[in-house]
file start_33.txt (compact mmCIF, C-alpha atoms)
# COMPACT_ATOMS: atom_id res chain seq x y z
CA MET A 1 10.52 -7.36 1.56
CA GLU A 2 8.84 -6.63 4.91
CA GLU A 3 5.67 -8.35 3.67
CA SER A 4 7.72 -11.42 2.68
CA LYS A 5 9.32 -11.44 6.13
CA ASN A 6 5.93 -11.35 7.79
CA THR A 7 4.62 -14.31 5.78
CA SER A 8 7.70 -16.54 6.04
CA LYS A 9 8.28 -19.05 8.81
CA LYS A 10 10.42 -17.72 11.68
CA VAL A 11 13.26 -19.79 13.13
CA VAL A 12 15.40 -18.94 16.16
CA MET A 13 18.83 -20.59 16.04
CA PHE A 14 20.82 -20.91 19.28
CA PRO A 15 24.32 -22.45 18.93
CA TRP A 16 26.92 -23.05 21.63
CA LEU A 17 29.51 -20.26 21.95
CA ALA A 18 32.21 -21.87 19.81
CA HIS A 19 33.23 -21.28 16.20
CA GLY A 20 32.90 -24.99 15.40
CA HIS A 21 29.24 -24.74 16.42
CA ILE A 22 28.49 -21.22 15.14
CA SER A 23 29.76 -22.00 11.64
CA PRO A 24 27.38 -24.92 10.78
CA PHE A 25 24.48 -23.07 12.40
CA LEU A 26 25.24 -20.07 10.22
CA GLU A 27 25.51 -22.18 7.06
CA LEU A 28 22.16 -23.80 7.84
CA ALA A 29 20.71 -20.34 8.47
CA LYS A 30 21.77 -19.30 4.98
CA LYS A 31 20.18 -22.38 3.41
CA LEU A 32 16.93 -21.80 5.28
CA ALA A 33 16.93 -18.11 4.35
CA ASP A 34 17.39 -19.10 0.70
CA ASN A 35 14.12 -21.03 1.08
CA ASN A 36 12.07 -18.12 2.43
CA PHE A 37 12.62 -18.65 6.17
CA THR A 38 13.33 -15.71 8.45
CA ILE A 39 16.21 -16.52 10.78
CA PHE A 40 17.09 -15.06 14.17
CA LEU A 41 20.61 -16.14 15.16
CA CYS A 42 21.02 -15.69 18.90
CA SER A 43 24.44 -15.47 20.57
CA SER A 44 26.76 -13.27 22.60
CA PRO A 45 27.66 -9.79 21.26
CA VAL A 46 31.34 -10.70 20.83
CA ILE A 47 30.45 -13.70 18.67
CA LEU A 48 27.95 -11.78 16.59
CA GLN A 49 30.60 -9.13 15.90
CA ASN A 50 32.57 -11.86 14.13
CA VAL A 51 29.52 -13.35 12.42
CA LYS A 52 28.35 -10.08 10.84
CA PRO A 53 31.24 -9.77 8.33
CA GLU A 54 30.57 -13.35 7.18
CA LEU A 55 27.00 -12.54 6.17
CA PRO A 56 26.60 -11.36 2.57
CA ASP A 57 24.47 -8.25 2.14
CA HIS A 58 21.62 -10.14 0.49
CA TYR A 59 20.89 -11.88 3.80
CA SER A 60 20.40 -8.60 5.68
CA ALA A 61 16.61 -8.86 5.53
CA SER A 62 16.31 -12.61 6.19
CA ILE A 63 18.96 -13.29 8.86
CA GLU A 64 18.83 -11.12 11.97
CA LEU A 65 21.52 -11.27 14.66
CA VAL A 66 20.04 -11.23 18.17
CA GLU A 67 22.27 -10.39 21.12
CA LEU A 68 21.92 -12.51 24.25
CA ASN A 69 22.67 -10.81 27.56
CA ILE A 70 25.13 -13.21 29.24
CA PRO A 71 26.07 -12.27 32.82
CA SER A 72 29.65 -11.00 33.15
CA SER A 73 32.17 -11.36 35.96
CA PRO A 74 35.75 -10.23 36.63
CA GLU A 75 36.88 -13.68 35.53
CA LEU A 76 34.68 -13.65 32.42
CA PRO A 77 34.10 -10.15 30.97
CA PRO A 78 31.89 -9.68 27.85
CA GLN A 79 34.80 -9.99 25.40
CA MET A 80 35.39 -13.51 26.74
CA HIS A 81 31.85 -14.76 26.08
CA THR A 82 33.25 -17.07 23.41
CA THR A 83 35.47 -20.13 23.43
CA ASN A 84 37.77 -18.46 20.91
CA GLY A 85 41.09 -18.08 22.73
CA LEU A 86 39.48 -18.97 26.05
CA PRO A 87 41.70 -21.07 28.38
CA LEU A 88 40.22 -24.54 28.82
CA ARG A 89 39.88 -24.03 32.58
CA LEU A 90 37.29 -21.28 31.90
CA ILE A 91 35.02 -23.36 29.64
CA PRO A 92 32.84 -24.52 32.61
CA THR A 93 32.63 -20.89 33.77
CA LEU A 94 31.43 -19.87 30.31
CA ALA A 95 28.87 -22.69 30.26
CA ASN A 96 27.52 -21.61 33.66
CA ALA A 97 27.30 -18.00 32.50
CA LEU A 98 25.32 -19.08 29.44
CA ASN A 99 22.95 -21.06 31.66
CA MET A 100 22.39 -17.92 33.72
CA ALA A 101 21.23 -16.16 30.56
CA ALA A 102 18.14 -18.40 30.39
CA PRO A 103 15.74 -15.63 31.56
CA ASP A 104 16.97 -13.30 28.80
CA PHE A 105 16.64 -16.09 26.23
CA SER A 106 13.11 -16.72 27.47
CA ALA A 107 12.26 -13.07 26.91
CA ILE A 108 13.71 -13.25 23.39
CA LEU A 109 11.58 -16.28 22.51
CA GLN A 110 8.48 -14.67 23.97
CA LYS A 111 9.05 -11.50 21.95
CA LEU A 112 9.90 -13.18 18.63
CA ASN A 113 7.36 -16.02 18.97
CA PRO A 114 9.07 -18.14 16.29
CA ASP A 115 7.64 -21.16 14.53
CA LEU A 116 10.70 -23.25 15.46
CA LEU A 117 13.79 -23.27 17.69
CA ILE A 118 16.97 -25.00 16.52
CA PHE A 119 19.23 -25.42 19.53
CA ASP A 120 22.62 -26.90 20.45
CA ILE A 121 23.31 -29.87 22.70
CA PHE A 122 25.01 -27.85 25.43
CA GLN A 123 21.92 -25.79 26.29
CA PRO A 124 19.02 -28.26 26.48
CA TRP A 125 17.23 -25.82 28.79
CA ALA A 126 16.51 -23.73 25.70
CA ALA A 127 14.18 -26.46 24.45
CA GLU A 128 12.41 -26.53 27.82
CA ILE A 129 11.79 -22.79 27.57
CA ALA A 130 10.51 -23.19 24.01
CA SER A 131 8.16 -25.94 25.18
CA SER A 132 6.69 -23.60 27.80
CA PHE A 133 5.70 -21.29 24.91
CA HIS A 134 4.46 -24.22 22.76
CA ILE A 135 7.30 -23.69 20.30
CA PRO A 136 8.73 -26.89 18.77
CA ALA A 137 12.48 -27.36 19.24
CA ILE A 138 14.91 -29.40 17.17
CA LEU A 139 18.44 -30.31 18.23
CA LEU A 140 21.29 -29.82 15.76
CA PHE A 141 24.40 -31.95 16.31
CA THR A 142 27.34 -30.05 14.85
CA PHE A 143 29.96 -32.78 15.28
CA GLY A 144 30.65 -36.34 14.13
CA TYR A 145 27.92 -38.83 14.89
CA CYS A 146 30.11 -41.85 15.60
CA THR A 147 31.18 -40.19 18.87
CA THR A 148 27.54 -39.43 19.67
CA ALA A 149 26.65 -43.08 19.16
CA LEU A 150 29.51 -44.15 21.43
CA ALA A 151 28.64 -41.66 24.18
CA LEU A 152 24.90 -42.34 24.09
CA HIS A 153 25.54 -46.09 24.24
CA SER A 154 27.73 -45.59 27.31
CA VAL A 155 24.93 -43.88 29.25
CA GLN A 156 21.94 -45.87 28.00
CA SER A 157 23.19 -49.35 27.08
CA SER A 158 26.56 -49.74 28.81
CA ASP A 159 25.70 -53.32 29.88
CA THR A 160 25.39 -54.43 26.26
CA LYS A 161 28.07 -54.79 23.60
CA PHE A 162 28.71 -51.71 21.49
CA PRO A 163 27.78 -52.72 17.91
CA PHE A 164 30.70 -50.91 16.26
CA PRO A 165 33.91 -52.54 17.55
CA GLU A 166 36.03 -50.56 15.09
CA LEU A 167 35.57 -47.53 17.37
CA THR A 168 36.71 -49.32 20.53
CA LYS A 169 39.47 -51.70 19.41
CA PRO A 170 42.42 -49.39 20.17
CA PHE A 171 41.36 -48.81 23.77
CA ASN A 172 39.26 -50.07 26.62
CA LEU A 173 35.82 -48.44 26.37
CA LYS A 174 35.18 -48.43 30.11
CA LYS A 175 38.51 -46.75 30.81
CA ARG A 176 38.40 -44.08 28.12
CA VAL A 177 34.74 -43.05 27.97
CA ASN A 178 34.39 -41.58 31.43
CA ILE A 179 30.83 -40.29 31.50
CA PRO A 180 29.41 -40.16 35.04
CA ARG A 181 26.20 -42.07 35.68
CA LYS A 182 24.80 -39.32 37.91
CA GLY A 183 25.04 -35.62 37.22
CA GLY A 184 27.60 -34.24 34.83
CA ARG A 185 27.10 -31.83 31.96
CA ILE A 186 27.63 -34.31 29.11
CA LEU A 187 25.33 -36.91 30.64
CA LYS A 188 22.57 -34.36 31.17
CA CYS A 189 22.85 -33.15 27.58
CA LEU A 190 22.64 -36.68 26.19
CA LEU A 191 19.68 -37.64 28.36
CA ASP A 192 17.94 -34.39 27.47
CA LEU A 193 17.58 -35.51 23.86
CA GLU A 194 13.94 -36.02 24.79
CA HIS A 195 13.48 -32.26 24.67
CA SER A 196 14.10 -32.26 20.94
CA SER A 197 11.01 -32.77 18.82
CA GLU A 198 10.62 -36.00 16.89
CA THR A 199 13.61 -35.14 14.69
CA ILE A 200 17.33 -34.60 15.39
CA LEU A 201 19.44 -32.78 12.80
CA VAL A 202 23.06 -33.85 12.27
CA ASN A 203 25.84 -32.11 10.36
CA SER A 204 26.90 -35.26 8.51
CA PHE A 205 25.76 -37.55 5.70
CA THR A 206 24.75 -41.18 5.43
CA GLU A 207 27.61 -42.24 3.15
CA ILE A 208 30.02 -41.78 6.08
CA GLU A 209 27.93 -42.19 9.25
CA GLY A 210 24.68 -43.84 8.21
CA ASP A 211 25.06 -46.82 10.56
CA TYR A 212 25.78 -44.59 13.55
CA MET A 213 22.76 -42.44 12.73
CA GLU A 214 20.52 -45.49 12.68
CA TYR A 215 21.87 -46.63 16.05
CA VAL A 216 21.33 -43.21 17.67
CA SER A 217 17.83 -43.18 16.20
CA VAL A 218 17.10 -46.48 17.93
CA LEU A 219 18.54 -45.36 21.28
CA SER A 220 16.94 -41.91 21.25
CA LYS A 221 13.67 -42.98 19.60
CA LYS A 222 14.02 -39.99 17.29
CA LYS A 223 14.27 -39.58 13.55
CA VAL A 224 17.85 -38.58 12.66
CA LEU A 225 18.01 -36.27 9.65
CA PRO A 226 21.45 -35.73 8.04
CA ILE A 227 21.77 -32.23 6.60
CA GLY A 228 25.54 -32.00 6.13
CA PRO A 229 28.12 -31.25 5.33
CA LEU A 230 27.48 -27.66 6.40
CA VAL A 231 30.77 -26.15 5.27
CA GLN A 232 31.69 -22.49 5.30
CA LYS A 233 33.09 -21.14 2.06
CA SER A 234 36.74 -20.19 2.25
CA CYS A 235 37.51 -16.64 3.34
CA SER A 236 40.03 -14.76 1.23
CA LYS A 237 43.21 -13.35 2.79
CA GLU A 238 45.30 -13.28 -0.35
CA ASP A 239 48.66 -12.28 1.14
CA ASP A 240 48.50 -15.02 3.76
CA GLU A 241 47.14 -17.78 1.58
CA SER A 242 49.26 -17.20 -1.54
CA GLU A 243 52.52 -18.13 0.21
CA ILE A 244 51.03 -21.37 1.57
CA LEU A 245 49.44 -22.33 -1.73
CA ARG A 246 52.62 -21.56 -3.66
CA TRP A 247 54.48 -23.88 -1.27
CA LEU A 248 51.90 -26.60 -1.95
CA ASP A 249 52.25 -26.07 -5.69
CA ARG A 250 55.88 -27.22 -5.42
CA LYS A 251 54.95 -30.53 -3.77
CA ASN A 252 54.03 -33.81 -5.44
CA PRO A 253 50.37 -34.90 -5.59
CA LYS A 254 49.03 -36.45 -2.36
CA SER A 255 52.41 -35.98 -0.65
CA THR A 256 51.38 -33.59 2.13
CA VAL A 257 49.61 -34.04 5.47
CA TYR A 258 47.48 -31.20 6.79
CA VAL A 259 47.51 -31.17 10.62
CA ALA A 260 44.90 -29.01 12.37
CA PHE A 261 43.06 -29.66 15.62
CA GLY A 262 40.43 -26.94 15.29
CA SER A 263 40.58 -23.22 15.94
CA GLU A 264 39.74 -23.59 19.63
CA TYR A 265 41.60 -26.70 20.76
CA TYR A 266 44.95 -26.17 22.42
CA LEU A 267 47.60 -28.86 22.70
CA GLU A 268 49.69 -29.29 25.82
CA LYS A 269 53.45 -28.76 25.44
CA GLU A 270 54.15 -32.51 25.60
CA ASP A 271 51.53 -33.18 22.89
CA ILE A 272 53.14 -30.61 20.60
CA VAL A 273 56.53 -32.25 21.12
CA GLU A 274 55.17 -35.75 20.35
CA ILE A 275 53.40 -34.62 17.18
CA ALA A 276 56.57 -32.84 16.07
CA HIS A 277 58.58 -36.04 16.56
CA GLY A 278 55.98 -38.01 14.60
CA LEU A 279 56.01 -35.58 11.69
CA GLU A 280 59.80 -35.54 11.64
CA LEU A 281 60.03 -39.34 11.60
CA SER A 282 57.27 -39.72 9.00
CA GLY A 283 59.32 -38.17 6.22
CA VAL A 284 56.20 -36.62 4.63
CA ASN A 285 55.50 -33.00 3.78
CA TYR A 286 53.13 -31.28 6.13
CA ILE A 287 51.29 -28.08 7.07
CA TRP A 288 50.70 -27.90 10.82
CA ILE A 289 48.46 -25.37 12.54
CA VAL A 290 49.33 -24.74 16.21
CA ARG A 291 47.01 -22.66 18.40
CA PHE A 292 47.48 -20.98 21.78
CA PRO A 293 44.86 -19.56 24.18
CA LYS A 294 44.67 -15.79 24.54
CA GLY A 295 47.28 -14.54 26.94
CA GLU A 296 49.29 -17.78 26.74
CA ARG A 297 50.81 -17.44 23.30
CA ILE A 298 54.53 -18.13 22.97
CA ALA A 299 56.93 -18.08 20.03
CA ILE A 300 56.43 -21.15 17.89
CA GLU A 301 60.15 -21.99 18.25
CA GLU A 302 59.68 -22.25 22.03
CA ALA A 303 56.81 -24.71 21.69
CA LEU A 304 58.66 -27.06 19.34
CA PRO A 305 61.63 -29.35 20.09
CA ASP A 306 65.06 -27.72 19.82
CA GLY A 307 66.26 -27.50 16.24
CA PHE A 308 63.01 -28.94 14.82
CA LEU A 309 62.38 -26.22 12.23
CA GLU A 310 65.99 -26.31 11.03
CA ARG A 311 65.94 -30.11 10.62
CA ILE A 312 62.63 -30.07 8.73
CA GLY A 313 63.59 -27.26 6.37
CA ASP A 314 61.26 -26.88 3.40
CA ARG A 315 59.50 -30.19 4.08
CA GLY A 316 57.03 -28.59 6.47
CA ILE A 317 55.28 -25.40 7.51
CA VAL A 318 54.19 -24.62 11.08
CA ILE A 319 51.61 -21.83 11.36
CA ASP A 320 50.22 -20.17 14.49
CA GLU A 321 47.94 -17.78 12.57
CA TRP A 322 44.96 -18.05 10.23
CA ALA A 323 45.26 -20.52 7.35
CA PRO A 324 43.04 -21.06 4.26
CA GLN A 325 41.85 -24.50 5.37
CA MET A 326 39.34 -25.13 2.59
CA LYS A 327 41.88 -24.28 -0.11
CA ILE A 328 44.56 -26.38 1.60
CA LEU A 329 42.27 -29.41 1.80
CA GLY A 330 41.22 -28.92 -1.81
CA HIS A 331 44.80 -28.77 -3.12
CA SER A 332 46.06 -31.71 -5.15
CA SER A 333 49.25 -31.96 -3.07
CA VAL A 334 47.35 -32.76 0.13
CA GLY A 335 46.73 -36.46 0.69
CA ALA A 336 45.82 -36.72 4.39
CA PHE A 337 44.15 -34.68 7.13
CA LEU A 338 45.05 -35.19 10.80
CA SER A 339 42.23 -33.65 12.87
CA HIS A 340 40.63 -33.72 16.32
CA CYS A 341 37.36 -34.70 14.56
CA GLY A 342 35.35 -32.03 16.36

call {"tool": "encode", "arguments": {"input": "start_33.txt", "output": "structure tokens"}}
result
Amino acid sequence: MEESKNTSKKVVMFPWLAHGHISPFLELAKKLADNNFTIFLCSSPVILQNVKPELPDHYSASIELVELNIPSSPELPPQMHTTNGLPLRLIPTLANALNMAAPDFSAILQKLNPDLLIFDIFQPWAAEIASSFHIPAILLFTFGYCTTALALHSVQSSDTKFPFPELTKPFNLKKRVNIPRKGGRILKCLLDLEHSSETILVNSFTEIEGDYMEYVSVLSKKKVLPIGPLVQKSCSKEDDESEILRWLDRKNPKSTVYVAFGSEYYLEKEDIVEIAHGLELSGVNYIWIVRFPKGERIAIEEALPDGFLERIGDRGIVIDEWAPQMKILGHSSVGAFLSHCG
């Protein structure tokens, strides 16, 4: 096995510190490992602690978890080097801490000397470091490409008409897409697409976002390669999932809406109230996942309008814990998915 590892191509993968980014990177790592690549997945220790149980034993020789030394502070201790449960006000602090880990990441690249770096949009400096060692770097977009097309247009071609009016009809583009022309983290990341090699990877597929991919390819002058969907297989927590799935079994086909805004997106109180009113007025069955940041969790009854759960009865379920999302979405009773779209 060691001989195989020495002869295979080595890839360092460096995702942003969020589950929605880690998961597709990990799924791609598995696919590459299945094709005789050796993978080094680099992230914070607290994230890698959660990744390790998700790796089947047969990947132990082909996927290695590499800890990145991210500077800590009283406001951001090591256990908070992840967006999971992190209050939104601390996201910029986390991003700055990750940027400060650039020297340690440089040492990792120098030691491993990989054949390729696959990096995330929020740390374009990683590609600059790779370039200094003559290591090619490819950017992986983990989220929907229609938003990428819209954002890139706003910073590169804002004086021209956006070619996909269906994305801008409900609102005024200039008012809603507030990307600063000078400075700003998002702007820098978008303009730093040049640091990616000739190809950009995207966790999507042409049947859904082909036109947007072509447009980004034109703007960025890069080849856009769809490799999605990179979807994690459902974890099994039988006691938790059986109750939900039994509830779905009692509902008519396509009669239920699944409402989930990601594991690390937290609604304001007024947003929760408005969604609750909408679900109540809709008359449809629903499963609604509500999340709270660490240290700010409250009883679900306190977050919802008075009497909401009693009025809804068996028509809906509100969950503030883990839910078997893949099995819910695959159930015949579910006919719609209300999501934040990454």

call {"tool": "residues_near_point", "arguments": {"input": "start_33.txt", "point": "(56.6, -24.7, -2.9)", "cutoff": "12 Å", "atoms": "all atoms listed in the file", "output": "list in words"}}
result
Ser242, Glu243, Ile244, Leu245, Arg246, Trp247, Leu248, Asp249, Arg250, Lys251, Asn252, Thr256, Asn285, Tyr286, Ile287, Gly313, Asp314, Arg315, Gly316, Ile317 and Ser333 of chain A

call {"tool": "residues_around", "arguments": {"input": "start_33.txt", "residues": "Leu28 in chain A", "least_positions_apart": "4", "cutoff": "8 Å", "atoms": "only C-alpha atoms", "output": "count of residues only"}}
result
3

call {"tool": "atom_distance", "arguments": {"input": "start_33.txt", "atom1": "CA of Ile70 in chain A", "atom2": "CA of Ala29 in chain A"}}
result
22.4 Å

call {"tool": "atom_distance", "arguments": {"input": "start_33.txt", "atom1": "CA of Val273 in chain A", "atom2": "CA of Arg297 in chain A"}}
result
16.0 Å

call {"tool": "closest_residue", "arguments": {"input": "start_33.txt", "among": "A:Ser255, A:Asn69, A:Ser157, A:Ser197", "to": "Phe105 in chain A", "atoms": "only C-alpha atoms"}}
result
A:Asn69

call {"tool": "residues_around", "arguments": {"input": "start_33.txt", "residues": "Ser204 in chain A", "least_positions_apart": "5", "cutoff": "7 Å", "atoms": "all atoms listed in the file", "output": "list in words"}}
result
Gly144, Pro226, Ile227, Gly228 and Pro229 of chain A

call {"tool": "atom_distance", "arguments": {"input": "start_33.txt", "atom1": "CA of Ile118 in chain A", "atom2": "CA of Phe14 in chain A"}}
result
6.3 Å

call {"tool": "residues_around", "arguments": {"input": "start_33.txt", "residues": "range 34-51 of chain A", "least_positions_apart": "4", "cutoff": "6 Å", "atoms": "only C-alpha atoms", "output": "CSV table (one decimal) with C-alpha atoms, keeping the file's coordinate frame"}}
result
chain,number,residue,atom,x,y,z
A,8,SER,CA,7.7,-16.5,6.0
A,9,LYS,CA,8.3,-19.0,8.8
A,10,LYS,CA,10.4,-17.7,11.7
A,11,VAL,CA,13.3,-19.8,13.1
A,12,VAL,CA,15.4,-18.9,16.2
A,13,MET,CA,18.8,-20.6,16.0
A,14,PHE,CA,20.8,-20.9,19.3
A,62,SER,CA,16.3,-12.6,6.2
A,63,ILE,CA,19.0,-13.3,8.9
A,64,GLU,CA,18.8,-11.1,12.0
A,65,LEU,CA,21.5,-11.3,14.7
A,66,VAL,CA,20.0,-11.2,18.2
A,67,GLU,CA,22.3,-10.4,21.1
A,68,LEU,CA,21.9,-12.5,24.2
A,79,GLN,CA,34.8,-10.0,25.4

call {"tool": "residues_near_point", "arguments": {"input": "start_33.txt", "point": "(41.6, -35.3, 14.6)", "cutoff": "10 Å", "atoms": "all atoms listed in the file", "output": "PDB file with C-alpha atoms, keeping the file's coordinate frame"}}
result
ATOM      1  CA  VAL A 259      47.510 -31.170  10.620  1.00  0.00           C
ATOM      2  CA  ALA A 260      44.900 -29.010  12.370  1.00  0.00           C
ATOM      3  CA  PHE A 261      43.060 -29.660  15.620  1.00  0.00           C
ATOM      4  CA  GLY A 262      40.430 -26.940  15.290  1.00  0.00           C
ATOM      5  CA  PHE A 337      44.150 -34.680   7.130  1.00  0.00           C
ATOM      6  CA  LEU A 338      45.050 -35.190  10.800  1.00  0.00           C
ATOM      7  CA  SER A 339      42.230 -33.650  12.870  1.00  0.00           C
ATOM      8  CA  HIS A 340      40.630 -33.720  16.320  1.00  0.00           C
ATOM      9  CA  CYS A 341      37.360 -34.700  14.560  1.00  0.00           C
ATOM     10  CA  GLY A 342      35.350 -32.030  16.360  1.00  0.00           C
TER      11      GLY A 342
END

call {"tool": "build_atoms", "arguments": {"input": "start_33.txt", "residues": "range 130-147 of chain A", "atoms": "N, CA and C atoms", "output": "PDB file, in the frame of the given file"}}
result
ATOM      1  N   ALA A 130      11.351 -23.213  25.215  1.00  0.00           N
ATOM      2  CA  ALA A 130      10.510 -23.190  24.010  1.00  0.00           C
ATOM      3  C   ALA A 130       9.233 -23.980  24.231  1.00  0.00           C
ATOM      4  N   SER A 131       9.341 -25.120  24.906  1.00  0.00           N
ATOM      5  CA  SER A 131       8.160 -25.940  25.180  1.00  0.00           C
ATOM      6  C   SER A 131       7.132 -25.186  26.016  1.00  0.00           C
ATOM      7  N   SER A 132       7.616 -24.361  26.949  1.00  0.00           N
ATOM      8  CA  SER A 132       6.690 -23.600  27.800  1.00  0.00           C
ATOM      9  C   SER A 132       5.887 -22.588  26.992  1.00  0.00           C
ATOM     10  N   PHE A 133       6.416 -22.201  25.809  1.00  0.00           N
ATOM     11  CA  PHE A 133       5.700 -21.290  24.910  1.00  0.00           C
ATOM     12  C   PHE A 133       5.049 -22.032  23.748  1.00  0.00           C
ATOM     13  N   HIS A 134       5.042 -23.374  23.815  1.00  0.00           N
ATOM     14  CA  HIS A 134       4.460 -24.220  22.760  1.00  0.00           C
ATOM     15  C   HIS A 134       5.166 -24.016  21.424  1.00  0.00           C
ATOM     16  N   ILE A 135       6.481 -23.831  21.493  1.00  0.00           N
ATOM     17  CA  ILE A 135       7.300 -23.690  20.300  1.00  0.00           C
ATOM     18  C   ILE A 135       8.088 -24.985  20.102  1.00  0.00           C
ATOM     19  N   PRO A 136       7.958 -25.665  18.988  1.00  0.00           N
ATOM     20  CA  PRO A 136       8.730 -26.890  18.770  1.00  0.00           C
ATOM     21  C   PRO A 136      10.227 -26.594  18.711  1.00  0.00           C
ATOM     22  N   ALA A 137      11.022 -27.534  19.208  1.00  0.00           N
ATOM     23  CA  ALA A 137      12.480 -27.360  19.240  1.00  0.00           C
ATOM     24  C   ALA A 137      13.161 -28.573  18.651  1.00  0.00           C
ATOM     25  N   ILE A 138      14.154 -28.325  17.815  1.00  0.00           N
ATOM     26  CA  ILE A 138      14.910 -29.400  17.170  1.00  0.00           C
ATOM     27  C   ILE A 138      16.389 -29.220  17.494  1.00  0.00           C
ATOM     28  N   LEU A 139      17.020 -30.309  17.896  1.00  0.00           N
ATOM     29  CA  LEU A 139      18.440 -30.310  18.230  1.00  0.00           C
ATOM     30  C   LEU A 139      19.279 -30.485  16.967  1.00  0.00           C
ATOM     31  N   LEU A 140      20.331 -29.673  16.853  1.00  0.00           N
ATOM     32  CA  LEU A 140      21.290 -29.820  15.760  1.00  0.00           C
ATOM     33  C   LEU A 140      22.626 -30.264  16.333  1.00  0.00           C
ATOM     34  N   PHE A 141      23.069 -31.471  15.949  1.00  0.00           N
ATOM     35  CA  PHE A 141      24.400 -31.950  16.310  1.00  0.00           C
ATOM     36  C   PHE A 141      25.388 -31.401  15.283  1.00  0.00           C
ATOM     37  N   THR A 142      26.392 -30.683  15.770  1.00  0.00           N
ATOM     38  CA  THR A 142      27.340 -30.050  14.850  1.00  0.00           C
ATOM     39  C   THR A 142      28.579 -30.894  14.622  1.00  0.00           C
ATOM     40  N   PHE A 143      28.726 -32.004  15.356  1.00  0.00           N
ATOM     41  CA  PHE A 143      29.960 -32.780  15.280  1.00  0.00           C
ATOM     42  C   PHE A 143      29.679 -34.208  14.827  1.00  0.00           C
ATOM     43  N   GLY A 144      30.760 -34.991  14.661  1.00  0.00           N
ATOM     44  CA  GLY A 144      30.650 -36.340  14.130  1.00  0.00           C
ATOM     45  C   GLY A 144      29.706 -37.224  14.934  1.00  0.00           C
ATOM     46  N   TYR A 145      28.958 -38.051  14.225  1.00  0.00           N
ATOM     47  CA  TYR A 145      27.920 -38.830  14.890  1.00  0.00           C
ATOM     48  C   TYR A 145      28.421 -40.152  15.438  1.00  0.00           C
ATOM     49  N   CYS A 146      29.583 -40.610  15.021  1.00  0.00           N
ATOM     50  CA  CYS A 146      30.110 -41.850  15.600  1.00  0.00           C
ATOM     51  C   CYS A 146      30.392 -41.642  17.079  1.00  0.00           C
ATOM     52  N   THR A 147      30.917 -40.474  17.453  1.00  0.00           N
ATOM     53  CA  THR A 147      31.180 -40.190  18.870  1.00  0.00           C
ATOM     54  C   THR A 147      29.880 -40.068  19.650  1.00  0.00           C
TER      55      THR A 147
END
